file coords.tsv (TSV, C-alpha atoms)
chain	number	residue	atom	x	y	z
E	1425	MET	CA	-16.19	-44.76	-14.01
E	1426	ALA	CA	-13.25	-45.22	-16.41
E	1427	PRO	CA	-12.50	-41.47	-16.74
E	1428	MET	CA	-12.52	-41.13	-12.94
E	1429	VAL	CA	-10.05	-44.00	-12.60
E	1430	VAL	CA	-7.80	-42.53	-15.27
E	1431	GLY	CA	-7.93	-39.13	-13.56
E	1432	ALA	CA	-7.07	-40.62	-10.17
E	1433	VAL	CA	-4.11	-42.50	-11.62
E	1434	ALA	CA	-2.87	-39.31	-13.29
E	1435	LEU	CA	-3.08	-37.33	-10.05
E	1436	ARG	CA	-1.38	-40.09	-8.07
E	1437	SER	CA	1.41	-40.16	-10.64
E	1438	SER	CA	1.74	-36.39	-10.39
E	1439	TYR	CA	2.39	-36.81	-6.65
E	1440	ALA	CA	5.28	-39.22	-7.22
E	1441	GLY	CA	8.94	-38.35	-7.45
E	1442	ASP	CA	11.44	-36.14	-5.67
E	1443	PRO	CA	10.93	-32.34	-5.68
E	1444	GLY	CA	14.67	-31.89	-5.54
E	1445	ASP	CA	16.83	-28.90	-4.67
E	1446	GLY	CA	15.74	-25.34	-5.26
E	1447	THR	CA	12.07	-25.94	-4.45
E	1448	ARG	CA	11.71	-24.25	-1.10
E	1449	THR	CA	10.72	-20.78	0.06
E	1450	ARG	CA	11.90	-17.70	-1.80
E	1451	GLY	CA	10.85	-15.44	1.08
E	1452	ARG	CA	7.68	-14.35	-0.75
E	1453	ASP	CA	5.05	-16.25	1.24
E	1454	ALA	CA	1.81	-14.80	2.64
E	1455	ILE	CA	-0.86	-15.53	5.23
E	1456	TRP	CA	-4.51	-14.52	5.44
E	1457	LEU	CA	-5.36	-12.94	8.82
E	1458	GLY	CA	-8.81	-12.53	10.35
E	1459	HIS	CA	-10.71	-9.36	11.16
E	1460	ALA	CA	-9.76	-9.46	14.85
E	1461	TRP	CA	-6.45	-7.81	13.96
E	1462	VAL	CA	-8.10	-4.53	12.95
E	1463	ASP	CA	-11.30	-4.31	15.01
E	1464	GLY	CA	-9.76	-4.09	18.49
E	1465	ARG	CA	-9.88	-7.70	19.63
E	1466	LYS	CA	-6.10	-8.21	19.24
E	1467	GLY	CA	-3.50	-6.39	21.32
E	1468	GLU	CA	0.24	-5.93	21.77
E	1469	SER	CA	0.83	-9.38	23.28
E	1470	ASP	CA	-0.96	-11.03	20.37
E	1471	LEU	CA	1.18	-9.13	17.90
E	1472	ASP	CA	4.34	-10.02	19.79
E	1473	ALA	CA	3.44	-13.71	19.64
E	1474	PHE	CA	2.53	-13.58	15.97
E	1475	ALA	CA	5.75	-11.76	15.06
E	1476	ALA	CA	7.79	-14.33	16.94
E	1477	ARG	CA	5.98	-17.13	15.10
E	1478	VAL	CA	6.61	-15.86	11.57
E	1479	ARG	CA	9.93	-14.04	11.96
E	1480	GLU	CA	12.14	-16.91	10.78
E	1481	THR	CA	9.81	-18.04	7.98
E	1482	GLY	CA	9.38	-16.95	4.37
E	1483	ILE	CA	6.28	-14.85	5.11
E	1484	HIS	CA	6.49	-11.47	3.41
E	1485	ASP	CA	2.83	-10.43	3.07
E	1486	LEU	CA	-0.12	-10.33	5.47
E	1487	TYR	CA	-3.63	-10.26	3.95
E	1488	VAL	CA	-5.63	-8.69	6.78
E	1489	HIS	CA	-9.42	-8.81	6.53
E	1490	ALA	CA	-10.52	-5.15	6.50
E	1491	GLY	CA	-13.94	-5.60	4.86
E	1492	PRO	CA	-16.32	-6.87	3.88
E	1493	LEU	CA	-17.17	-4.34	1.22
E	1494	GLU	CA	-20.73	-3.14	0.98
E	1495	HIS	CA	-22.59	-4.47	-2.05
E	1496	ASP	CA	-22.17	-1.06	-3.71
E	1497	GLY	CA	-18.37	-1.26	-3.37
E	1498	THR	CA	-18.01	1.19	-0.50
E	1499	LEU	CA	-16.19	0.42	2.76
E	1500	PRO	CA	-17.01	2.14	6.07
E	1501	ALA	CA	-13.78	3.17	7.81
E	1502	ALA	CA	-15.35	2.02	11.10
E	1503	ARG	CA	-14.69	-1.56	9.99
E	1504	TYR	CA	-10.94	-1.29	10.54
E	1505	PRO	CA	-10.35	1.15	13.45
E	1506	LYS	CA	-7.04	-0.48	14.53
E	1507	ALA	CA	-5.46	-0.65	11.08
E	1508	ARG	CA	-2.80	1.96	11.78
E	1509	TRP	CA	-1.90	0.26	15.06
E	1510	LEU	CA	-1.46	-3.06	13.24
E	1511	VAL	CA	0.51	-1.73	10.29
E	1512	ASP	CA	2.86	0.30	12.48
E	1513	GLY	CA	3.27	-2.60	14.89
E	1514	VAL	CA	4.11	-5.06	12.12
E	1515	HIS	CA	6.61	-2.68	10.56
E	1516	ARG	CA	8.40	-2.25	13.90
E	1517	ARG	CA	8.54	-5.96	14.66
E	1518	LEU	CA	8.93	-7.36	11.14
E	1519	PRO	CA	10.79	-4.87	8.93
E	1520	GLY	CA	10.08	-5.49	5.26
E	1521	VAL	CA	6.83	-7.39	5.82
E	1522	ARG	CA	3.88	-5.82	3.98
E	1523	VAL	CA	0.37	-5.51	5.41
E	1524	GLN	CA	-2.33	-5.65	2.74
E	1525	ALA	CA	-6.02	-4.87	3.18
E	1526	TRP	CA	-8.05	-7.98	2.34
E	1527	LEU	CA	-11.21	-6.69	0.68
E	1528	GLY	CA	-13.95	-9.10	-0.33
E	1529	ASP	CA	-17.64	-9.57	-0.86
E	1530	LYS	CA	-20.01	-12.13	-2.26
E	1531	LEU	CA	-20.70	-11.50	-5.93
E	1532	ALA	CA	-24.23	-11.53	-7.29
E	1533	THR	CA	-23.34	-14.24	-9.81
E	1534	GLU	CA	-25.53	-16.99	-8.39
E	1535	GLY	CA	-28.38	-15.03	-6.82
E	1536	PRO	CA	-30.01	-11.62	-6.57
E	1537	ARG	CA	-27.96	-10.35	-3.61
E	1538	GLY	CA	-24.31	-9.36	-3.69
E	1539	LEU	CA	-21.80	-7.07	-5.30
E	1540	ARG	CA	-22.37	-6.40	-9.02
E	1541	LEU	CA	-19.11	-5.78	-10.84
E	1542	GLU	CA	-20.96	-5.03	-14.07
E	1543	ARG	CA	-22.05	-1.68	-12.62
E	1544	PRO	CA	-19.53	1.10	-13.36
E	1545	ALA	CA	-20.51	2.94	-10.18
E	1546	THR	CA	-19.71	-0.14	-8.10
E	1547	ARG	CA	-16.27	-0.51	-9.66
E	1548	ALA	CA	-15.60	3.21	-9.14
E	1549	SER	CA	-16.52	2.83	-5.47
E	1550	MET	CA	-14.13	-0.12	-5.17
E	1551	VAL	CA	-11.32	2.01	-6.53
E	1552	ASP	CA	-12.20	4.66	-3.94
E	1553	SER	CA	-12.32	2.04	-1.17
E	1554	SER	CA	-8.89	0.79	-2.23
E	1555	ARG	CA	-7.49	4.33	-2.12
E	1556	GLN	CA	-9.16	4.79	1.27
E	1557	VAL	CA	-7.43	1.81	2.93
E	1558	LEU	CA	-4.05	2.89	1.56
E	1559	ALA	CA	-4.29	6.54	2.51
E	1560	GLY	CA	-6.45	6.30	5.61
E	1561	GLY	CA	-5.60	2.86	6.94
E	1562	GLY	CA	-1.92	2.96	6.11
E	1563	PHE	CA	-1.94	-0.44	4.40
E	1564	ASP	CA	0.88	-1.45	2.05
E	1565	GLY	CA	-1.42	-3.00	-0.51
E	1566	VAL	CA	-4.88	-4.13	-1.55
E	1567	HIS	CA	-5.88	-7.80	-1.76
E	1568	PHE	CA	-9.18	-8.64	-3.50
E	1569	ASP	CA	-11.07	-11.85	-2.76
E	1570	LEU	CA	-14.31	-11.72	-4.75
E	1571	GLU	CA	-16.32	-14.94	-5.04
E	1572	PRO	CA	-17.81	-16.74	-6.84
E	1573	MET	CA	-16.07	-15.29	-9.90
E	1574	PRO	CA	-16.95	-16.86	-13.26
E	1575	SER	CA	-14.11	-17.50	-15.66
E	1576	GLY	CA	-13.93	-14.82	-18.32
E	1577	ASN	CA	-15.57	-12.07	-16.25
E	1578	ARG	CA	-14.43	-8.94	-18.08
E	1579	TYR	CA	-15.65	-6.59	-15.37
E	1580	PHE	CA	-13.10	-8.02	-12.95
E	1581	LEU	CA	-10.37	-7.26	-15.48
E	1582	GLU	CA	-11.72	-3.73	-15.86
E	1583	LEU	CA	-11.66	-3.30	-12.09
E	1584	LEU	CA	-8.02	-4.40	-11.90
E	1585	ASP	CA	-7.10	-2.09	-14.79
E	1586	ALA	CA	-8.68	0.79	-12.86
E	1587	VAL	CA	-7.12	-0.02	-9.47
E	1588	ARG	CA	-3.55	-0.75	-10.51
E	1589	PRO	CA	-2.54	2.79	-11.57
E	1590	MET	CA	-3.76	4.01	-8.20
E	1591	THR	CA	-1.83	1.37	-6.22
E	1592	ARG	CA	1.29	2.13	-8.24
E	1593	ALA	CA	0.90	5.83	-7.47
E	1594	HIS	CA	0.86	4.90	-3.77
E	1595	ASN	CA	3.83	2.52	-4.21
E	1596	ALA	CA	1.46	-0.20	-3.00
E	1597	THR	CA	0.87	-3.83	-3.96
E	1598	LEU	CA	-2.20	-5.11	-5.81
E	1599	SER	CA	-2.97	-8.76	-5.22
E	1600	VAL	CA	-5.90	-11.13	-5.73
E	1601	ALA	CA	-7.14	-14.49	-4.51
E	1602	ALA	CA	-7.72	-16.64	-7.59
E	1603	HIS	CA	-9.92	-19.63	-8.40
E	1604	GLN	CA	-8.29	-22.90	-9.39
E	1605	ILE	CA	-7.49	-23.56	-13.05
E	1606	ASP	CA	-9.37	-26.09	-15.20
E	1607	PRO	CA	-7.68	-29.46	-14.52
E	1608	VAL	CA	-8.96	-30.44	-17.98
E	1609	PRO	CA	-9.80	-27.91	-20.73
E	1610	LYS	CA	-13.28	-26.34	-20.67
E	1611	LEU	CA	-14.18	-27.91	-17.31
E	1612	HIS	CA	-15.19	-24.49	-15.94
E	1613	ALA	CA	-17.90	-24.21	-18.60
E	1614	ALA	CA	-19.23	-27.70	-17.97
E	1615	ALA	CA	-19.26	-27.18	-14.20
E	1616	ARG	CA	-21.16	-23.94	-14.47
E	1617	LYS	CA	-23.70	-25.47	-16.85
E	1618	ILE	CA	-24.28	-28.55	-14.70
E	1619	ALA	CA	-23.83	-27.21	-11.17
E	1620	GLY	CA	-24.34	-23.48	-11.72
E	1621	HIS	CA	-21.15	-22.74	-9.79
E	1622	PRO	CA	-17.93	-21.25	-11.26
E	1623	LYS	CA	-15.47	-23.58	-9.56
E	1624	TRP	CA	-12.57	-23.13	-11.99
E	1625	TRP	CA	-11.07	-20.54	-14.30
E	1626	SER	CA	-9.69	-21.29	-17.74
E	1627	GLN	CA	-5.91	-21.17	-17.86
E	1628	ALA	CA	-6.12	-18.28	-20.33
E	1629	TYR	CA	-8.33	-16.21	-17.99
E	1630	PHE	CA	-6.01	-16.93	-15.07
E	1631	GLY	CA	-3.18	-15.53	-17.17
E	1632	GLN	CA	-5.21	-12.41	-18.01
E	1633	VAL	CA	-5.76	-11.74	-14.30
E	1634	ALA	CA	-2.14	-12.51	-13.38
E	1635	LYS	CA	-0.71	-9.97	-15.79
E	1636	ARG	CA	-2.83	-7.20	-14.24
E	1637	VAL	CA	-1.63	-7.64	-10.65
E	1638	ASP	CA	1.57	-7.73	-8.64
E	1639	GLN	CA	0.65	-10.92	-6.82
E	1640	ILE	CA	-1.85	-13.74	-7.37
E	1641	ALA	CA	-2.70	-16.38	-4.75
E	1642	VAL	CA	-4.39	-19.58	-5.90
E	1643	MET	CA	-7.05	-20.91	-3.51
E	1644	SER	CA	-5.70	-24.44	-3.98
E	1645	TYR	CA	-7.91	-26.09	-1.37
E	1646	ASP	CA	-11.55	-27.20	-1.14
E	1647	THR	CA	-10.86	-29.65	-3.95
E	1648	SER	CA	-13.11	-32.57	-2.85
E	1649	MET	CA	-10.09	-34.90	-3.09
E	1650	PRO	CA	-10.49	-37.90	-0.71
E	1651	LEU	CA	-6.82	-38.87	-0.33
E	1652	GLU	CA	-3.58	-37.04	0.41
E	1653	SER	CA	-1.90	-38.48	-2.68
E	1654	LEU	CA	-4.70	-37.27	-4.96
E	1655	TYR	CA	-4.80	-33.85	-3.33
E	1656	GLY	CA	-1.03	-33.45	-3.54
E	1657	GLY	CA	-1.06	-34.49	-7.17
E	1658	TYR	CA	-3.84	-32.00	-7.86
E	1659	VAL	CA	-1.85	-29.18	-6.25
E	1660	ALA	CA	1.21	-30.15	-8.31
E	1661	GLN	CA	-0.93	-29.91	-11.43
E	1662	GLN	CA	-2.39	-26.56	-10.37
E	1663	ALA	CA	1.06	-25.13	-9.67
E	1664	ALA	CA	2.28	-26.21	-13.10
E	1665	LEU	CA	-0.76	-24.76	-14.89
E	1666	ALA	CA	-0.43	-21.46	-13.03
E	1667	LEU	CA	3.32	-21.20	-13.61
E	1668	GLU	CA	2.81	-21.60	-17.36
E	1669	VAL	CA	0.72	-18.42	-17.67
E	1670	THR	CA	1.84	-16.16	-14.82
E	1671	PRO	CA	4.29	-13.40	-15.86
E	1672	LYS	CA	7.80	-13.82	-14.45
E	1673	ASN	CA	7.56	-10.55	-12.51
E	1674	THR	CA	4.22	-11.41	-10.85
E	1675	ASP	CA	4.35	-13.23	-7.52
E	1676	LEU	CA	2.53	-16.56	-7.83
E	1677	LEU	CA	1.47	-18.03	-4.49
E	1678	MET	CA	-0.17	-21.43	-3.94
E	1679	GLY	CA	-2.66	-21.67	-1.06
E	1680	LEU	CA	-2.04	-24.01	1.88
E	1681	PRO	CA	-5.04	-25.28	3.92
E	1682	PHE	CA	-4.51	-24.19	7.54
E	1683	PHE	CA	-8.10	-25.19	8.40
E	1684	GLN	CA	-9.91	-28.45	9.16
E	1685	THR	CA	-13.58	-28.20	8.18
E	1686	GLU	CA	-15.30	-31.35	6.91
E	1687	THR	CA	-17.54	-30.81	3.89
E	1688	MET	CA	-18.15	-32.41	0.51
E	1689	GLY	CA	-15.58	-30.01	-0.88
E	1690	HIS	CA	-12.93	-30.33	1.82
E	1691	HIS	CA	-11.65	-33.48	3.53
E	1692	ALA	CA	-9.20	-32.47	6.23
E	1693	SER	CA	-7.53	-35.90	6.26
E	1694	ALA	CA	-6.64	-35.45	2.57
E	1695	GLU	CA	-6.05	-31.71	2.29
E	1696	THR	CA	-3.06	-31.51	4.60
E	1697	VAL	CA	-0.32	-28.92	4.65
E	1698	LYS	CA	2.24	-31.68	4.10
E	1699	ALA	CA	0.51	-32.89	0.92
E	1700	ALA	CA	0.01	-29.36	-0.37
E	1701	VAL	CA	3.64	-28.36	0.15
E	1702	ARG	CA	4.89	-31.52	-1.53
E	1703	GLY	CA	2.55	-30.85	-4.46
E	1704	VAL	CA	3.74	-27.24	-4.70
E	1705	ARG	CA	7.38	-28.31	-4.73
E	1706	LEU	CA	6.76	-30.99	-7.35
E	1707	GLY	CA	4.91	-28.59	-9.63
E	1708	LEU	CA	7.60	-25.95	-9.24
E	1709	GLY	CA	10.43	-28.42	-9.82
E	1710	ARG	CA	8.92	-29.80	-12.99
E	1711	THR	CA	7.82	-26.51	-14.52
E	1712	ASP	CA	10.03	-23.59	-13.50
E	1713	ARG	CA	12.49	-24.61	-10.80
E	1714	HIS	CA	14.46	-21.36	-10.82
E	1715	ARG	CA	11.51	-18.98	-10.71
E	1716	GLN	CA	11.97	-16.51	-7.84
E	1717	HIS	CA	8.55	-14.80	-7.85
E	1718	PHE	CA	6.88	-17.80	-6.23
E	1719	GLY	CA	5.63	-18.83	-2.81
E	1720	VAL	CA	2.79	-20.21	-0.72
E	1721	ALA	CA	-0.12	-18.51	1.06
E	1722	LEU	CA	-1.46	-19.84	4.37
E	1723	TYR	CA	-5.23	-19.87	4.93
E	1724	VAL	CA	-6.03	-18.86	7.66
E	1725	ASP	CA	-4.41	-17.72	10.95
E	1726	PHE	CA	-7.32	-18.28	13.35
E	1727	THR	CA	-7.74	-21.99	12.49
E	1728	ALA	CA	-4.05	-22.86	12.23
E	1729	ARG	CA	-2.76	-25.70	14.42
E	1730	ASP	CA	0.78	-26.32	15.63
E	1731	ARG	CA	1.03	-29.27	13.24
E	1732	ASP	CA	0.17	-27.03	10.28
E	1733	TRP	CA	2.90	-24.57	11.17
E	1734	ALA	CA	5.32	-27.45	11.76
E	1735	ALA	CA	4.67	-28.91	8.31
E	1736	TYR	CA	5.14	-25.50	6.70
E	1737	ASP	CA	8.40	-24.96	8.61
E	1738	LYS	CA	9.81	-28.42	7.96
E	1739	ASP	CA	8.81	-28.99	4.35
E	1740	TRP	CA	8.96	-25.48	2.83
E	1741	ASN	CA	11.21	-23.14	4.84
call {"tool": "encode", "arguments": {"input": "coords.tsv", "output": "structure tokens"}}
result
Amino acid sequence: MAPMVVGAVALRSSYAGDPGDGTRTRGRDAIWLGHAWVDGRKGESDLDAFAARVRETGIHDLYVHAGPLEHDGTLPAARYPKARWLVDGVHRRLPGVRVQAWLGDKLATEGPRGLRLERPATRASMVDSSRQVLAGGGFDGVHFDLEPMPSGNRYFLELLDAVRPMTRAHNATLSVAAHQIDPVPKLHAAARKIAGHPKWWSQAYFGQVAKRVDQIAVMSYDTSMPLESLYGGYVAQQAALALEVTPKNTDLLMGLPFFQTETMGHHASAETVKAAVRGVRLGLGRTDRHRQHFGVALYVDFTARDRDWAAYDKDWN
């Protein structure tokens, strides 16, 4: 009980104080968008409304769900038939905003079924799928979200090393969704041993991933925190840990919870956009106030409420 009390006090203290000047948007924010944008369910009026909603914000990147990948790393083009329509439409309405293909799959790290990064053929197919969405779909970048990813997974690093030369050749962005960082050293190892689930990455592994990409977005939600103050303090801590090891020329984005599910891992009353933004600003202000390659990433468009957008607008933009 004593360690839990000490931890709660530390997080609450981390949420205290004034973020101060210079801790708002740098115009490098992102939002995850659902599959409806590329499979034909969305149309011109939807895109008009979306463009109007984000035009005066700091949003610069759209992670559009174009997968999921097959377990062998391939991606049927039939999964994103309206990609060109979306990319062209965004570029007309929002000049300068990039549309990235969000590619993900469940990894076979906790069971027999899923994508196996340890197989060279699978990684080669993922490189081909990335090239496919850039050349065939017209996307401006590739965004990987592969879960659950154990800390230290060298095959993920090998995949990124293989994809990045290709994205650079296409003048495209390579980005990833990242696990949270150990709030205390070695917690990722203890969690995997006890629960069998890779909840966190070591700070060192986070840094190894960050230096291989153009942009890294921390999934700083689903924290199990029961109170806004604890959640906000946790986000402040995560922002500081990530800032310490992310290269200055890599965009570091902190995730904002634009969803309201109630589970053991996510309490909507605690994980609010307001608390997350305050935590992000506090972590930035204390660690690297003048860093420009920094922002927030909104998860996800199809569950967002007006109050979520309002908190993002008021407290960050």
call {"tool": "residues_near_point", "arguments": {"input": "coords.tsv", "point": "(-11.9, -30.6, -2.9)", "cutoff": "6 Å", "atoms": "only C-alpha atoms", "output": "JSON, numbers by chain"}}
result
{"E": [1646, 1647, 1648, 1649, 1689, 1690]}
call {"tool": "closest_atom_pairs", "arguments": {"input": "coords.tsv", "of": "segment 1566-1596 of chain E", "to": "segment 1622-1645 of chain E", "cutoff": "6 Å", "atoms": "all atoms listed in the file", "output": "tab-separated table"}}
result
residue	atom	partner	partner_atom	distance
E:Pro1574	CA	E:Pro1622	CA	4.9
E:Ser1575	CA	E:Trp1625	CA	4.5
E:Gly1576	CA	E:Tyr1629	CA	5.8
call {"tool": "closest_residue", "arguments": {"input": "coords.tsv", "among": "E:Asp1585, E:Asp1712, E:Glu1686, E:Asp1512", "to": "Lys1672 of chain E", "atoms": "only C-alpha atoms"}}
result
E:Asp1712
call {"tool": "atom_distance", "arguments": {"input": "coords.tsv", "atom1": "atom CA of Met1678 of chain E", "atom2": "atom CA of Leu1583 of chain E"}}
result
23.0 Å
call {"tool": "atom_distance", "arguments": {"input": "coords.tsv", "atom1": "atom CA of Arg1522 of chain E", "atom2": "atom CA of Gly1565 of chain E"}}
result
7.5 Å
call {"tool": "closest_residue", "arguments": {"input": "coords.tsv", "among": "E:Leu1570, E:Val1514, E:Arg1503, E:Gly1497", "to": "Ser1549 of chain E", "atoms": "only C-alpha atoms"}}
result
E:Gly1497
call {"tool": "closest_atom_pairs", "arguments": {"input": "coords.tsv", "of": "segment 1589-1688 of chain E", "to": "segment 1695-1705 of chain E", "cutoff": "7 Å", "atoms": "only C-alpha atoms", "output": "tab-separated table"}}
result
residue	atom	partner	partner_atom	distance
E:Tyr1645	CA	E:Glu1695	CA	7.0
E:Glu1652	CA	E:Ala1699	CA	5.8
E:Tyr1655	CA	E:Glu1695	CA	6.1
E:Gly1656	CA	E:Gly1703	CA	4.5
E:Gly1657	CA	E:Gly1703	CA	5.8
E:Val1659	CA	E:Gly1703	CA	5.0
E:Ala1660	CA	E:Gly1703	CA	4.1
E:Ala1663	CA	E:Val1704	CA	6.0
E:Leu1680	CA	E:Val1697	CA	5.9
E:Pro1681	CA	E:Val1697	CA	6.0
E:Phe1682	CA	E:Val1697	CA	6.9
call {"tool": "atom_distance", "arguments": {"input": "coords.tsv", "atom1": "atom CA of His1717 of chain E", "atom2": "atom CA of Leu1676 of chain E"}}
result
6.3 Å
call {"tool": "closest_residue", "arguments": {"input": "coords.tsv", "among": "E:Leu1706, E:Val1600, E:Met1688, E:Leu1541", "to": "Phe1568 of chain E", "atoms": "all atoms listed in the file"}}
result
E:Val1600
call {"tool": "closest_residue", "arguments": {"input": "coords.tsv", "among": "E:Gly1560, E:Pro1572, E:Gly1491, E:Pro1544", "to": "Lys1530 of chain E", "atoms": "all atoms listed in the file"}}
result
E:Pro1572
call {"tool": "closest_residue", "arguments": {"input": "coords.tsv", "among": "E:Leu1457, E:Leu1499, E:Ala1525, E:Ala1490", "to": "Thr1597 of chain E", "atoms": "all atoms listed in the file"}}
result
E:Ala1525
call {"tool": "closest_residue", "arguments": {"input": "coords.tsv", "among": "E:Val1462, E:Val1608, E:Met1590, E:Leu1651", "to": "Ala1502 of chain E", "atoms": "only C-alpha atoms"}}
result
E:Val1462
call {"tool": "residues_around", "arguments": {"input": "coords.tsv", "residues": "Ala1548 of chain E", "least_positions_apart": "5", "cutoff": "10 Å", "atoms": "all atoms listed in the file", "output": "count of residues only"}}
result
10
call {"tool": "axis_aligned_box", "arguments": {"input": "coords.tsv", "around": "segment 1472-1480 of chain E", "padding_each_side": "5 Å", "output": "AutoDock Vina command-line options"}}
result
--center_x 7.3 --center_y -13.6 --center_z 15.3 --size_x 19.6 --size_y 17.1 --size_z 19.0
call {"tool": "build_atoms", "arguments": {"input": "coords.tsv", "residues": "segment 1666-1679 of chain E", "atoms": "N, CA and C atoms", "output": "PDB file, in the frame of the given file"}}
result
ATOM      1  N   ALA E1666      -0.545 -22.880 -13.367  1.00  0.00           N
ATOM      2  CA  ALA E1666      -0.430 -21.460 -13.030  1.00  0.00           C
ATOM      3  C   ALA E1666       0.923 -20.893 -13.444  1.00  0.00           C
ATOM      4  N   LEU E1667       1.980 -21.658 -13.243  1.00  0.00           N
ATOM      5  CA  LEU E1667       3.320 -21.200 -13.610  1.00  0.00           C
ATOM      6  C   LEU E1667       3.422 -20.943 -15.111  1.00  0.00           C
ATOM      7  N   GLU E1668       2.730 -21.722 -15.897  1.00  0.00           N
ATOM      8  CA  GLU E1668       2.810 -21.600 -17.360  1.00  0.00           C
ATOM      9  C   GLU E1668       2.282 -20.263 -17.874  1.00  0.00           C
ATOM     10  N   VAL E1669       1.365 -19.638 -17.140  1.00  0.00           N
ATOM     11  CA  VAL E1669       0.720 -18.420 -17.670  1.00  0.00           C
ATOM     12  C   VAL E1669       0.909 -17.187 -16.797  1.00  0.00           C
ATOM     13  N   THR E1670       1.615 -17.315 -15.687  1.00  0.00           N
ATOM     14  CA  THR E1670       1.840 -16.160 -14.820  1.00  0.00           C
ATOM     15  C   THR E1670       3.125 -15.446 -15.226  1.00  0.00           C
ATOM     16  N   PRO E1671       3.075 -14.132 -15.471  1.00  0.00           N
ATOM     17  CA  PRO E1671       4.290 -13.400 -15.860  1.00  0.00           C
ATOM     18  C   PRO E1671       5.410 -13.592 -14.837  1.00  0.00           C
ATOM     19  N   LYS E1672       6.636 -13.565 -15.316  1.00  0.00           N
ATOM     20  CA  LYS E1672       7.800 -13.820 -14.450  1.00  0.00           C
ATOM     21  C   LYS E1672       7.924 -12.802 -13.326  1.00  0.00           C
ATOM     22  N   ASN E1673       7.420 -11.579 -13.539  1.00  0.00           N
ATOM     23  CA  ASN E1673       7.560 -10.550 -12.510  1.00  0.00           C
ATOM     24  C   ASN E1673       6.332 -10.429 -11.615  1.00  0.00           C
ATOM     25  N   THR E1674       5.385 -11.355 -11.743  1.00  0.00           N
ATOM     26  CA  THR E1674       4.220 -11.410 -10.850  1.00  0.00           C
ATOM     27  C   THR E1674       4.433 -12.517  -9.832  1.00  0.00           C
ATOM     28  N   ASP E1675       4.245 -12.193  -8.557  1.00  0.00           N
ATOM     29  CA  ASP E1675       4.350 -13.230  -7.520  1.00  0.00           C
ATOM     30  C   ASP E1675       3.203 -14.213  -7.656  1.00  0.00           C
ATOM     31  N   LEU E1676       3.524 -15.491  -7.801  1.00  0.00           N
ATOM     32  CA  LEU E1676       2.530 -16.560  -7.830  1.00  0.00           C
ATOM     33  C   LEU E1676       2.612 -17.323  -6.520  1.00  0.00           C
ATOM     34  N   LEU E1677       1.507 -17.340  -5.765  1.00  0.00           N
ATOM     35  CA  LEU E1677       1.470 -18.030  -4.490  1.00  0.00           C
ATOM     36  C   LEU E1677       0.424 -19.145  -4.557  1.00  0.00           C
ATOM     37  N   MET E1678       0.752 -20.299  -3.997  1.00  0.00           N
ATOM     38  CA  MET E1678      -0.170 -21.430  -3.940  1.00  0.00           C
ATOM     39  C   MET E1678      -0.708 -21.565  -2.517  1.00  0.00           C
ATOM     40  N   GLY E1679      -2.038 -21.631  -2.383  1.00  0.00           N
ATOM     41  CA  GLY E1679      -2.660 -21.670  -1.060  1.00  0.00           C
ATOM     42  C   GLY E1679      -2.416 -22.960  -0.318  1.00  0.00           C
TER      43      GLY E1679
END
